[in-house]
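Pasted below: input.cif, mmCIF, C-alpha atoms and all ligand atoms.
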```cif
data_coords
loop_
_atom_site.label_atom_id
_atom_site.label_comp_id
_atom_site.auth_asym_id
_atom_site.auth_seq_id
_atom_site.Cartn_x
_atom_site.Cartn_y
_atom_site.Cartn_z
CA VAL W 18 -55.46 -23.89 27.36
CA GLY W 19 -54.81 -20.76 25.40
CA VAL W 20 -51.62 -19.70 23.69
CA GLY W 21 -48.72 -22.09 24.25
CA ARG W 22 -45.10 -20.99 24.59
CA HIS W 23 -44.36 -22.40 21.12
CA ARG W 24 -46.80 -19.85 19.68
CA ALA W 25 -44.90 -17.03 21.42
CA ALA W 26 -41.65 -18.43 20.00
CA GLU W 27 -43.21 -18.41 16.51
CA LEU W 28 -44.14 -14.77 16.95
CA ASP W 29 -40.50 -14.05 17.85
CA ALA W 30 -39.25 -15.90 14.78
CA ALA W 31 -41.55 -13.81 12.56
CA ASP W 32 -40.79 -10.51 14.33
CA PRO W 33 -39.21 -8.00 11.90
CA LEU W 34 -37.50 -6.28 14.85
CA ARG W 35 -36.06 -9.47 16.39
CA THR W 36 -32.42 -8.61 15.63
CA TYR W 37 -32.62 -5.37 17.64
CA ARG W 38 -32.46 -7.35 20.88
CA GLU W 39 -28.81 -8.10 20.03
CA ARG W 40 -28.12 -4.35 20.06
CA PHE W 41 -28.62 -4.34 23.83
CA ALA W 42 -26.27 -5.64 26.53
CA ILE W 43 -28.17 -8.76 27.59
CA ASP W 44 -26.01 -11.24 29.45
CA ASP W 45 -28.48 -12.72 31.93
CA TYR W 46 -30.53 -14.99 29.71
CA GLY W 47 -32.72 -16.13 32.59
CA LEU W 48 -33.94 -12.62 33.36
CA VAL W 49 -37.46 -11.69 32.22
CA TYR W 50 -37.18 -7.91 32.20
CA LEU W 51 -40.57 -6.20 32.07
CA ASP W 52 -39.50 -2.83 33.42
CA GLY W 53 -37.97 -1.07 30.43
CA ASN W 54 -40.63 1.60 30.96
CA SER W 55 -38.91 2.48 34.22
CA LEU W 56 -35.27 2.02 33.18
CA GLY W 57 -34.67 0.91 29.61
CA ARG W 58 -31.94 -1.61 28.84
CA MET W 59 -28.43 -0.44 28.06
CA PRO W 60 -27.56 -0.37 24.34
CA ARG W 61 -24.52 -2.57 23.68
CA ALA W 62 -22.69 0.25 21.87
CA THR W 63 -23.11 2.83 24.62
CA PRO W 64 -20.27 1.96 27.04
CA ALA W 65 -17.68 1.91 24.25
CA CYS W 66 -19.02 5.18 22.87
CA LEU W 67 -18.76 6.78 26.32
CA GLN W 68 -15.27 5.41 26.78
CA GLN W 69 -14.17 6.82 23.43
CA VAL W 70 -15.66 10.24 24.11
CA ALA W 71 -14.12 10.30 27.57
CA ALA W 72 -10.68 9.30 26.30
CA VAL W 73 -10.54 11.57 23.26
CA GLN W 74 -12.91 14.50 23.73
CA TRP W 75 -12.52 14.84 27.50
CA GLY W 76 -9.10 13.31 28.14
CA ASP W 77 -7.27 14.70 25.13
CA ARG W 78 -9.17 17.65 23.68
CA LEU W 79 -10.33 18.95 27.06
CA VAL W 80 -11.89 22.42 27.00
CA ARG W 81 -11.40 22.69 23.22
CA SER W 82 -14.21 20.14 22.81
CA TRP W 83 -16.80 22.80 23.63
CA ASP W 84 -16.04 24.32 20.24
CA GLU W 85 -15.69 20.92 18.58
CA GLY W 86 -19.30 19.80 18.99
CA TRP W 87 -20.18 19.73 22.68
CA MET W 88 -22.06 23.03 22.61
CA GLU W 89 -24.36 21.78 19.85
CA LEU W 90 -25.19 18.44 21.50
CA PRO W 91 -28.42 19.63 23.22
CA THR W 92 -29.98 20.77 19.93
CA GLU W 93 -28.34 18.18 17.68
CA ILE W 94 -29.62 15.25 19.74
CA GLY W 95 -32.89 17.14 20.20
CA ASP W 96 -33.39 17.39 16.44
CA ARG W 97 -32.62 13.71 15.87
CA LEU W 98 -35.00 12.72 18.65
CA ALA W 99 -37.64 15.06 17.22
CA ALA W 100 -37.40 13.38 13.82
CA ALA W 101 -37.24 9.80 15.11
CA ALA W 102 -39.91 9.88 17.78
CA LEU W 103 -41.67 13.19 18.37
CA GLY W 104 -43.13 14.31 15.05
CA ALA W 105 -41.46 17.70 15.39
CA ALA W 106 -39.64 19.76 12.75
CA PRO W 107 -36.02 20.77 13.51
CA GLY W 108 -35.21 23.61 15.89
CA GLN W 109 -37.98 22.88 18.40
CA VAL W 110 -36.43 20.31 20.77
CA VAL W 111 -33.52 20.70 23.16
CA VAL W 112 -32.13 18.20 25.68
CA GLY W 113 -31.26 19.68 29.03
CA ASP W 114 -32.08 19.12 32.67
CA SER W 115 -34.03 16.39 34.51
CA THR W 116 -37.65 15.78 33.53
CA THR W 117 -38.86 17.44 36.72
CA VAL W 118 -36.79 20.58 36.15
CA CYS W 119 -37.71 20.75 32.45
CA PHE W 120 -41.39 20.36 33.34
CA TYR W 121 -41.10 23.16 35.89
CA LYS W 122 -39.43 25.42 33.35
CA LEU W 123 -42.08 24.81 30.68
CA VAL W 124 -45.02 25.25 33.04
CA CYS W 125 -43.63 28.56 34.31
CA ALA W 126 -42.90 29.67 30.74
CA ALA W 127 -46.48 28.85 29.71
CA LEU W 128 -47.93 30.75 32.67
CA GLU W 129 -45.88 33.83 31.75
CA LEU W 130 -47.65 33.78 28.38
CA ARG W 131 -51.09 33.79 30.02
CA PRO W 132 -50.93 36.58 32.61
CA GLY W 133 -54.11 37.14 34.60
CA ARG W 134 -55.32 33.58 34.13
CA THR W 135 -55.36 31.71 37.44
CA GLU W 136 -56.05 28.03 36.76
CA ILE W 137 -54.01 25.01 35.74
CA VAL W 138 -55.81 21.80 34.76
CA THR W 139 -54.37 18.30 35.15
CA ASP W 140 -55.59 14.87 36.25
CA VAL W 141 -55.30 13.16 39.65
CA ASP W 142 -53.57 10.18 38.02
CA ASN W 143 -50.86 12.22 36.36
CA PHE W 144 -47.31 11.22 37.32
CA PRO W 145 -46.42 12.41 40.87
CA THR W 146 -43.56 14.72 39.86
CA ASP W 147 -45.88 16.61 37.51
CA ARG W 148 -48.56 16.93 40.19
CA TYR W 149 -46.10 18.07 42.85
CA ALA W 150 -44.39 20.59 40.58
CA LEU W 151 -47.80 22.05 39.70
CA GLU W 152 -48.77 22.28 43.37
CA GLY W 153 -45.54 24.13 44.15
CA ILE W 154 -45.93 26.51 41.22
CA ALA W 155 -49.58 27.15 42.06
CA GLN W 156 -48.72 27.88 45.70
CA ALA W 157 -45.89 30.25 44.80
CA ARG W 158 -48.02 32.18 42.30
CA GLY W 159 -51.39 32.06 44.03
CA LEU W 160 -52.95 29.90 41.31
CA THR W 161 -55.44 27.01 41.52
CA VAL W 162 -54.92 23.49 40.20
CA ARG W 163 -58.18 22.03 38.89
CA TRP W 164 -58.09 18.25 38.97
CA ILE W 165 -59.66 15.92 36.43
CA GLN W 166 -61.02 12.91 38.36
CA GLY W 167 -60.73 10.17 35.79
CA ASP W 168 -60.92 6.40 35.68
CA PRO W 169 -57.56 5.12 37.07
CA ALA W 170 -57.60 2.36 34.44
CA ALA W 171 -57.76 5.00 31.72
CA GLY W 172 -56.57 8.60 31.64
CA PRO W 173 -57.65 12.17 30.98
CA THR W 174 -60.24 12.40 28.16
CA PRO W 175 -61.51 15.44 26.25
CA GLU W 176 -64.97 14.80 27.78
CA LEU W 177 -63.61 15.05 31.32
CA LEU W 178 -61.42 18.03 30.46
CA ALA W 179 -63.99 20.22 28.71
CA PRO W 180 -66.11 21.19 31.77
CA LEU W 181 -63.01 22.39 33.66
CA LEU W 182 -61.95 24.86 30.98
CA GLY W 183 -62.83 28.51 30.88
CA GLU W 184 -61.48 32.01 30.69
CA LYS W 185 -59.45 31.49 33.87
CA THR W 186 -57.56 28.52 32.42
CA ALA W 187 -53.92 29.31 31.72
CA LEU W 188 -52.64 25.81 31.10
CA VAL W 189 -53.68 22.20 30.51
CA THR W 190 -51.06 19.59 31.34
CA PHE W 191 -51.29 15.83 30.90
CA SER W 192 -49.19 12.73 30.29
CA HIS W 193 -49.50 11.48 26.73
CA VAL W 194 -49.28 7.86 27.91
CA SER W 195 -50.37 7.32 31.52
CA TYR W 196 -47.57 5.93 33.71
CA ARG W 197 -49.94 3.50 35.42
CA SER W 198 -52.66 2.47 32.96
CA ALA W 199 -50.79 3.12 29.66
CA HIS W 200 -53.86 5.01 28.38
CA ILE W 201 -52.99 7.22 25.40
CA ALA W 202 -54.43 10.71 25.70
CA ASP W 203 -55.95 12.28 22.61
CA MET W 204 -53.37 15.01 22.13
CA ALA W 205 -55.06 16.64 19.15
CA ALA W 206 -58.43 16.90 20.90
CA ILE W 207 -56.88 18.14 24.16
CA SER W 208 -54.83 20.78 22.30
CA ALA W 209 -57.92 21.95 20.40
CA LEU W 210 -60.01 22.24 23.57
CA ALA W 211 -57.25 24.09 25.43
CA HIS W 212 -56.74 26.51 22.55
CA GLU W 213 -60.47 27.14 22.24
CA ALA W 214 -60.38 28.29 25.88
CA GLY W 215 -57.31 30.43 25.17
CA ALA W 216 -55.01 28.17 27.21
CA LEU W 217 -51.69 26.50 26.41
CA THR W 218 -50.68 22.83 26.82
CA VAL W 219 -47.70 21.02 28.33
CA GLY W 220 -47.55 17.30 27.54
CA ASP W 221 -45.36 14.76 29.33
CA LEU W 222 -44.09 12.22 26.79
CA SER W 223 -41.99 10.09 29.15
CA HIS W 224 -43.98 6.90 28.47
CA SER W 225 -44.70 7.54 24.81
CA ALA W 226 -41.49 8.71 23.13
CA GLY W 227 -39.88 5.66 21.54
CA SER W 228 -42.91 3.42 22.12
CA VAL W 229 -45.85 5.07 20.36
CA PRO W 230 -45.77 7.64 17.55
CA VAL W 231 -46.00 11.20 18.85
CA GLU W 232 -47.05 13.95 16.43
CA LEU W 233 -46.37 17.17 18.30
CA ASP W 234 -46.49 19.49 15.27
CA ARG W 235 -49.55 17.85 13.71
CA ASP W 236 -51.51 17.61 16.96
CA GLY W 237 -51.12 21.27 17.89
CA ALA W 238 -48.93 20.74 20.97
CA ASP W 239 -47.53 23.93 22.50
CA LEU W 240 -44.90 22.62 24.91
CA ALA W 241 -43.80 19.12 25.84
CA VAL W 242 -41.27 17.34 28.00
CA GLY W 243 -40.10 13.75 28.42
CA CYS W 244 -37.41 11.58 29.89
CA THR W 245 -34.83 9.65 27.86
CA TYR W 246 -34.16 6.69 30.15
CA LYS W 247 -37.23 4.56 29.35
CA TYR W 248 -37.89 3.66 25.69
CA LEU W 249 -34.95 5.83 24.60
CA ASN W 250 -32.47 3.83 26.66
CA GLY W 251 -30.34 6.79 27.71
CA GLY W 252 -29.39 5.40 31.13
CA PRO W 253 -30.24 6.18 34.75
CA GLY W 254 -30.97 9.87 35.27
CA ALA W 255 -30.38 10.69 31.60
CA PRO W 256 -31.35 14.30 30.80
CA ALA W 257 -34.82 15.12 29.55
CA TYR W 258 -35.90 17.05 26.44
CA MET W 259 -38.14 20.04 25.99
CA TYR W 260 -40.25 20.84 22.94
CA ALA W 261 -41.59 24.31 22.19
CA ARG W 262 -43.64 25.04 19.09
CA ALA W 263 -41.66 27.40 16.85
CA GLU W 264 -44.33 30.15 16.87
CA LEU W 265 -43.90 30.50 20.65
CA HIS W 266 -40.12 30.98 20.63
CA ASP W 267 -40.09 34.76 20.38
CA GLN W 268 -42.28 35.26 23.45
CA LEU W 269 -41.23 32.27 25.58
CA ARG W 270 -39.45 33.07 28.89
CA GLN W 271 -38.42 30.19 31.10
CA PRO W 272 -37.70 30.92 34.78
CA ILE W 273 -34.07 29.78 35.19
CA TRP W 274 -32.00 32.44 33.48
CA GLY W 275 -28.54 30.95 33.18
CA TRP W 276 -25.67 31.95 30.97
CA LEU W 277 -26.11 29.16 28.41
CA GLY W 278 -29.68 30.20 27.72
CA ARG W 279 -28.48 33.71 27.02
CA ARG W 280 -27.87 35.26 23.64
CA ASP W 281 -24.14 35.14 22.92
CA PRO W 282 -23.18 33.62 26.30
CA PHE W 283 -19.45 34.18 25.97
CA ALA W 284 -19.92 37.94 25.64
CA MET W 285 -20.59 37.74 29.39
CA GLU W 286 -22.42 41.03 29.28
CA GLN W 287 -24.62 42.67 31.89
CA GLY W 288 -28.25 41.68 31.82
CA TYR W 289 -30.03 38.59 30.51
CA LEU W 290 -31.32 38.40 26.98
CA PRO W 291 -32.73 35.04 25.86
CA ALA W 292 -30.89 33.13 23.15
CA PRO W 293 -32.74 32.95 19.84
CA GLY W 294 -34.91 29.89 19.26
CA ILE W 295 -35.06 26.75 21.35
CA ARG W 296 -31.72 27.39 23.10
CA ALA W 297 -33.50 29.94 25.30
CA LEU W 298 -34.84 26.94 27.24
CA LEU W 299 -31.33 25.99 28.35
CA SER W 300 -29.91 27.23 31.64
CA GLY W 301 -26.44 25.89 32.49
CA THR W 302 -23.65 23.69 31.12
CA PRO W 303 -24.98 20.65 29.21
CA PRO W 304 -24.27 17.23 30.80
CA VAL W 305 -22.03 16.08 27.95
CA LEU W 306 -21.42 12.44 28.90
CA SER W 307 -25.10 11.91 29.65
CA LEU W 308 -26.02 13.46 26.32
CA ILE W 309 -23.61 11.14 24.54
CA ALA W 310 -25.25 8.18 26.29
CA ILE W 311 -28.62 9.06 24.71
CA ASP W 312 -27.21 8.92 21.22
CA GLU W 313 -27.40 5.18 20.55
CA GLY W 314 -30.90 4.82 21.97
CA VAL W 315 -32.14 7.52 19.61
CA ASN W 316 -30.27 5.83 16.73
CA LEU W 317 -31.97 2.53 17.48
CA VAL W 318 -35.44 4.08 17.45
CA ALA W 319 -34.64 5.93 14.21
CA GLN W 320 -33.34 2.78 12.53
CA ALA W 321 -36.13 0.48 13.68
CA GLY W 322 -38.78 3.08 12.83
CA ILE W 323 -41.47 4.23 15.24
CA GLU W 324 -44.27 2.61 13.19
CA ARG W 325 -42.67 -0.84 13.44
CA ILE W 326 -41.96 -0.25 17.12
CA ARG W 327 -45.62 0.66 17.65
CA ALA W 328 -46.84 -2.42 15.77
CA LYS W 329 -44.73 -4.68 17.97
CA GLY W 330 -45.81 -2.81 21.11
CA ILE W 331 -49.42 -3.54 20.21
CA ALA W 332 -48.66 -7.21 19.47
CA LEU W 333 -46.77 -7.66 22.78
CA THR W 334 -49.51 -6.04 24.87
CA GLU W 335 -52.26 -7.94 23.00
CA LEU W 336 -50.49 -11.20 23.82
CA ALA W 337 -50.10 -10.19 27.47
CA ILE W 338 -53.80 -9.38 27.77
CA GLU W 339 -54.87 -12.58 26.00
CA LEU W 340 -52.67 -14.64 28.32
CA ALA W 341 -53.84 -12.72 31.41
CA ASP W 342 -57.47 -13.32 30.42
CA THR W 343 -56.97 -17.06 29.99
CA LYS W 344 -54.52 -17.79 32.83
CA LEU W 345 -54.98 -15.09 35.47
CA ALA W 346 -58.58 -13.84 35.38
CA ASP W 347 -59.94 -16.75 37.42
CA ARG W 348 -57.17 -16.09 39.97
CA GLY W 349 -58.35 -12.55 40.69
CA VAL W 350 -56.27 -10.57 38.21
CA THR W 351 -58.00 -7.87 36.18
CA ILE W 352 -56.74 -5.71 33.33
CA ALA W 353 -56.30 -2.10 34.49
CA SER W 354 -55.23 -0.80 31.06
CA PRO W 355 -57.40 0.06 28.05
CA ARG W 356 -58.41 -3.06 26.10
CA ASP W 357 -58.51 -1.13 22.85
CA PRO W 358 -54.93 -1.25 21.51
CA ALA W 359 -55.42 2.12 19.83
CA GLN W 360 -55.75 3.64 23.30
CA ARG W 361 -52.93 1.71 24.98
CA GLY W 362 -49.16 2.31 25.07
CA ALA W 363 -46.52 -0.38 25.49
CA HIS W 364 -47.23 -1.51 29.03
CA VAL W 365 -50.07 -3.39 30.69
CA ALA W 366 -51.34 -2.86 34.23
CA LEU W 367 -52.49 -6.07 35.92
CA ALA W 368 -54.52 -5.38 39.04
CA HIS W 369 -54.67 -7.75 42.03
CA PRO W 370 -55.27 -7.03 45.74
CA ASP W 371 -51.91 -8.65 46.60
CA ALA W 372 -50.00 -6.87 43.83
CA GLU W 373 -47.22 -5.61 46.09
CA ARG W 374 -46.39 -9.04 47.51
CA LEU W 375 -46.74 -10.75 44.11
CA CYS W 376 -44.42 -8.21 42.53
CA ALA W 377 -41.75 -8.82 45.18
CA GLN W 378 -42.05 -12.59 44.69
CA LEU W 379 -41.79 -12.26 40.92
CA ILE W 380 -38.61 -10.23 41.31
CA GLU W 381 -37.16 -12.98 43.54
CA ARG W 382 -37.83 -15.33 40.62
CA CYS W 383 -35.99 -13.03 38.17
CA VAL W 384 -39.17 -11.73 36.55
CA ILE W 385 -39.05 -7.95 36.87
CA PRO W 386 -42.21 -5.86 36.49
CA ASP W 387 -42.92 -3.06 38.95
CA PHE W 388 -45.55 -2.32 41.56
CA ARG W 389 -47.65 0.81 41.29
CA ARG W 390 -49.99 1.78 44.09
CA PRO W 391 -52.53 0.73 45.06
CA ASP W 392 -52.86 -2.65 43.35
CA VAL W 393 -51.05 -2.71 40.01
CA ILE W 394 -48.35 -5.03 38.68
CA ARG W 395 -47.07 -2.94 35.80
CA CYS W 396 -45.53 -4.94 32.95
CA GLY W 397 -43.54 -2.90 30.46
CA PHE W 398 -42.77 -4.33 27.04
CA SER W 399 -39.94 -2.55 25.24
CA PRO W 400 -40.51 -3.40 21.58
CA LEU W 401 -36.79 -3.34 20.71
CA SER W 402 -35.65 -5.71 23.43
CA THR W 403 -38.63 -7.66 24.81
CA ARG W 404 -39.49 -10.96 23.14
CA PHE W 405 -42.92 -12.58 22.91
CA VAL W 406 -41.55 -15.49 24.98
CA ASP W 407 -40.69 -12.96 27.71
CA VAL W 408 -44.35 -11.97 27.79
CA TRP W 409 -45.32 -15.62 27.98
CA ASP W 410 -42.76 -16.43 30.69
CA GLY W 411 -43.76 -13.40 32.77
CA ILE W 412 -47.47 -14.23 32.75
CA GLU W 413 -46.75 -17.90 33.39
CA ALA W 414 -44.57 -17.00 36.40
CA LEU W 415 -47.43 -14.97 37.84
CA ARG W 416 -49.88 -17.81 37.18
CA ALA W 417 -47.60 -20.26 38.99
CA LEU W 418 -47.25 -17.90 41.96
CA LEU W 419 -50.99 -17.42 42.27
CA GLU W 420 -51.51 -21.17 41.95
CA SER W 421 -49.01 -21.98 44.71
CA SER W 422 -50.45 -19.38 47.08
CA ARG W 423 -53.96 -20.68 46.67
C1 LIG G 501 -44.54 10.66 33.22
C2 LIG G 501 -43.27 10.86 33.98
N1 LIG G 501 -42.79 12.10 34.20
C3 LIG G 501 -41.64 12.30 34.87
C4 LIG G 501 -40.92 11.24 35.37
C5 LIG G 501 -39.67 11.41 36.17
O1 LIG G 501 -39.08 12.65 36.24
P1 LIG G 501 -37.51 12.72 36.56
O2 LIG G 501 -36.79 12.22 35.35
O3 LIG G 501 -37.24 14.13 36.88
O4 LIG G 501 -37.24 11.83 37.73
C6 LIG G 501 -41.37 9.94 35.16
C7 LIG G 501 -40.60 8.80 35.69
O5 LIG G 501 -40.95 7.67 35.67
C8 LIG G 501 -42.57 9.75 34.46
O6 LIG G 501 -43.04 8.52 34.26
#
```
Starting from the file, give its structure as structure tokens.
Amino acid sequence: VGVGRHRAAELDAADPLRTYRERFAIDDYGLVYLDGNSLGRMPRATPACLQQVAAVQWGDRLVRSWDEGWMELPTEIGDRLAAAALGAAPGQVVVGDSTTVCFYKLVCAALELRPGRTEIVTDVDNFPTDRYALEGIAQARGLTVRWIQGDPAAGPTPELLAPLLGEKTALVTFSHVSYRSAHIADMAAISALAHEAGALTVGDLSHSAGSVPVELDRDGADLAVGCTYKYLNGGPGAPAYMYARAELHDQLRQPIWGWLGRRDPFAMEQGYLPAPGIRALLSGTPPVLSLIAIDEGVNLVAQAGIERIRAKGIALTELAIELADTKLADRGVTIASPRDPAQRGAHVALAHPDAERLCAQLIERCVIPDFRRPDVIRCGFSPLSTRFVDVWDGIEALRALLESSR
């Protein structure tokens, strides 16, 4: 019943992005990797690029390399990322610290712009690091976090947000694509509501950049952050990026005043003065090798085009849901992601009471999704490297497991 594997293979043959899979280091042909939304695959060109940079720029040019391009890497890669995946004009994105640290910096910077306001709004299903950072900031500053209690299979909506907003609201923060359900938040509507209340926004783009089009400038975003190791394939612990809308640059003050965020850092003068523009969000020395490792992932997204990536993301998740409905529904699996593709990113949450055990057994069988509490098997489909037959094989492996444990 339902879609056969041959149909999935036909979809692969007709896929305009099929050749991109060869651009990744894929040696284990038996592996069904459905976790590129946790750690994206390694681009094939990246190790050689790192080796070359290490040998020449580090090994040979040494400290001279700071003046031969290294100092510009955070903004240069930021601008290319902005154009390829974020819908942001140049000069508004910089790559710097970890996602958690970047998020902390942007939230504090936003709060500085709204003195006297005492409330931060986010949702209970936001990613843990965002929730914890907000709790810490709120405690340190005597502020209150107001929580949106949403549907865990969806995400924060304008309807749920609106009643929590008021003259005390300093900041609204949300994930653009929910890490568990893949729900896409309506960034334009959330920005408009926040602005109407006089508040600012910080969006977390970790699950959207490189998988769904993001339009920061068009949708009125103020500040945004995101990681580069998922759909941007930058490698484990790759540095995150920060976006700040150009109109905010003059007033923006982030909390970690380091020398590389200072105007004219090598003057080494007394007193901190922020650098002009987006560089004011930087703090210390850029992680050069990690920045270099992001390069190819950003290239791949730029070359493939975010619209084609999005179209394939929709097709992969539609196939997964169709197969789950026909093969898994009568075995107790439900879809815990939006069914409307317009509201869904590139992963699908399959809910089952035994999700944790099933996930571990799938991994033993070389099918790798991940488990997200309390009951979700999260299947990530990276449009540049996941095939339709991988979707088919993954769902079939789960069906076989459920069948044998009956
Ligand atoms: C939405 C979101 N924010 C932040 C992070 C992680 O932050 P960090 O890179 O600091 O570990 C993740 C990781 O999966 C995430 O999904």
Kindly provide, as a short mmCIF file (atom, residue, chain, number, x, y, z; two decimals) with C-alpha atoms, keeping the file's coordinate frame, the polymer residues lying within 10 Å of (-45.1, 7.9, 29.7), counting all atoms listed in the file and using the coordinates exactly as they appear in the file.
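Final file, selection22.cif:
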```cif
data_model
loop_
_atom_site.label_atom_id
_atom_site.label_comp_id
_atom_site.auth_asym_id
_atom_site.auth_seq_id
_atom_site.Cartn_x
_atom_site.Cartn_y
_atom_site.Cartn_z
CA ASN W 54 -40.63 1.60 30.96
CA SER W 55 -38.91 2.48 34.22
CA ASN W 143 -50.86 12.22 36.36
CA PHE W 144 -47.31 11.22 37.32
CA SER W 192 -49.19 12.73 30.29
CA HIS W 193 -49.50 11.48 26.73
CA VAL W 194 -49.28 7.86 27.91
CA SER W 195 -50.37 7.32 31.52
CA TYR W 196 -47.57 5.93 33.71
CA ARG W 197 -49.94 3.50 35.42
CA SER W 198 -52.66 2.47 32.96
CA ALA W 199 -50.79 3.12 29.66
CA HIS W 200 -53.86 5.01 28.38
CA ILE W 201 -52.99 7.22 25.40
CA GLY W 220 -47.55 17.30 27.54
CA ASP W 221 -45.36 14.76 29.33
CA LEU W 222 -44.09 12.22 26.79
CA SER W 223 -41.99 10.09 29.15
CA HIS W 224 -43.98 6.90 28.47
CA SER W 225 -44.70 7.54 24.81
CA ALA W 226 -41.49 8.71 23.13
CA GLY W 227 -39.88 5.66 21.54
CA SER W 228 -42.91 3.42 22.12
CA VAL W 229 -45.85 5.07 20.36
CA GLY W 243 -40.10 13.75 28.42
CA CYS W 244 -37.41 11.58 29.89
CA LYS W 247 -37.23 4.56 29.35
CA TYR W 248 -37.89 3.66 25.69
CA GLY W 362 -49.16 2.31 25.07
CA ALA W 363 -46.52 -0.38 25.49
CA HIS W 364 -47.23 -1.51 29.03
#
```
key: Nearest candidate to ligand LIG 501 (chain G) (options W:Thr190, W:Gln166, W:Gln68, W:Thr174; using all atoms listed in the file)   =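 Ranking W:Thr190, W:Gln166, W:Gln68, W:Thr174 by distance to ligand LIG 501 (chain G), first place goes to W:Thr190.
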ask   = Hey, can you pull every residue with an atom no more than 9 Å from (-22.5, 21.6, 23.8), using only C-alpha atoms, and send it as a PyMOL selection string?
value = chain W and resi 82-92+302-305
Go ahead and save the picked residues with C-alpha atoms, as a PDB file, in the coordinates of the input.
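File produced: part-v1.pdb:
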```
ATOM      1  CA  SER W  82     -14.210  20.140  22.810  1.00  0.00           C
ATOM      2  CA  TRP W  83     -16.800  22.800  23.630  1.00  0.00           C
ATOM      3  CA  ASP W  84     -16.040  24.320  20.240  1.00  0.00           C
ATOM      4  CA  GLU W  85     -15.690  20.920  18.580  1.00  0.00           C
ATOM      5  CA  GLY W  86     -19.300  19.800  18.990  1.00  0.00           C
ATOM      6  CA  TRP W  87     -20.180  19.730  22.680  1.00  0.00           C
ATOM      7  CA  MET W  88     -22.060  23.030  22.610  1.00  0.00           C
ATOM      8  CA  GLU W  89     -24.360  21.780  19.850  1.00  0.00           C
ATOM      9  CA  LEU W  90     -25.190  18.440  21.500  1.00  0.00           C
ATOM     10  CA  PRO W  91     -28.420  19.630  23.220  1.00  0.00           C
ATOM     11  CA  THR W  92     -29.980  20.770  19.930  1.00  0.00           C
ATOM     12  CA  THR W 302     -23.650  23.690  31.120  1.00  0.00           C
ATOM     13  CA  PRO W 303     -24.980  20.650  29.210  1.00  0.00           C
ATOM     14  CA  PRO W 304     -24.270  17.230  30.800  1.00  0.00           C
ATOM     15  CA  VAL W 305     -22.030  16.080  27.950  1.00  0.00           C
TER      16      VAL W 305
END
```
ask   = Separation of atom CA of Lys185 of chain W and atom CA of Asp140 of chain W, in Å?
value = 17.2 Å
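For the pair atom CA of Val315 of chain W and atom CA of Leu98 of chain W, the interatomic distance is 6.0 Å.
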task = Report the distance between atom CA of Leu48 of chain W and atom CA of Ile385 of chain W in Å, rounded to one decimal place.
result =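 If I compute the distance from atom CA of Leu48 of chain W to atom CA of Ile385 of chain W, I get 7.8 Å.
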inquiry  = Restricting the calculation to all atoms listed in the file: of W:Trp276, W:Tyr50, W:Phe191, W:Phe398, which residue gets closest to ligand LIG 501 (chain G)?
reply    =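 Among the listed residues, W:Phe191 lies closest to ligand LIG 501 (chain G).
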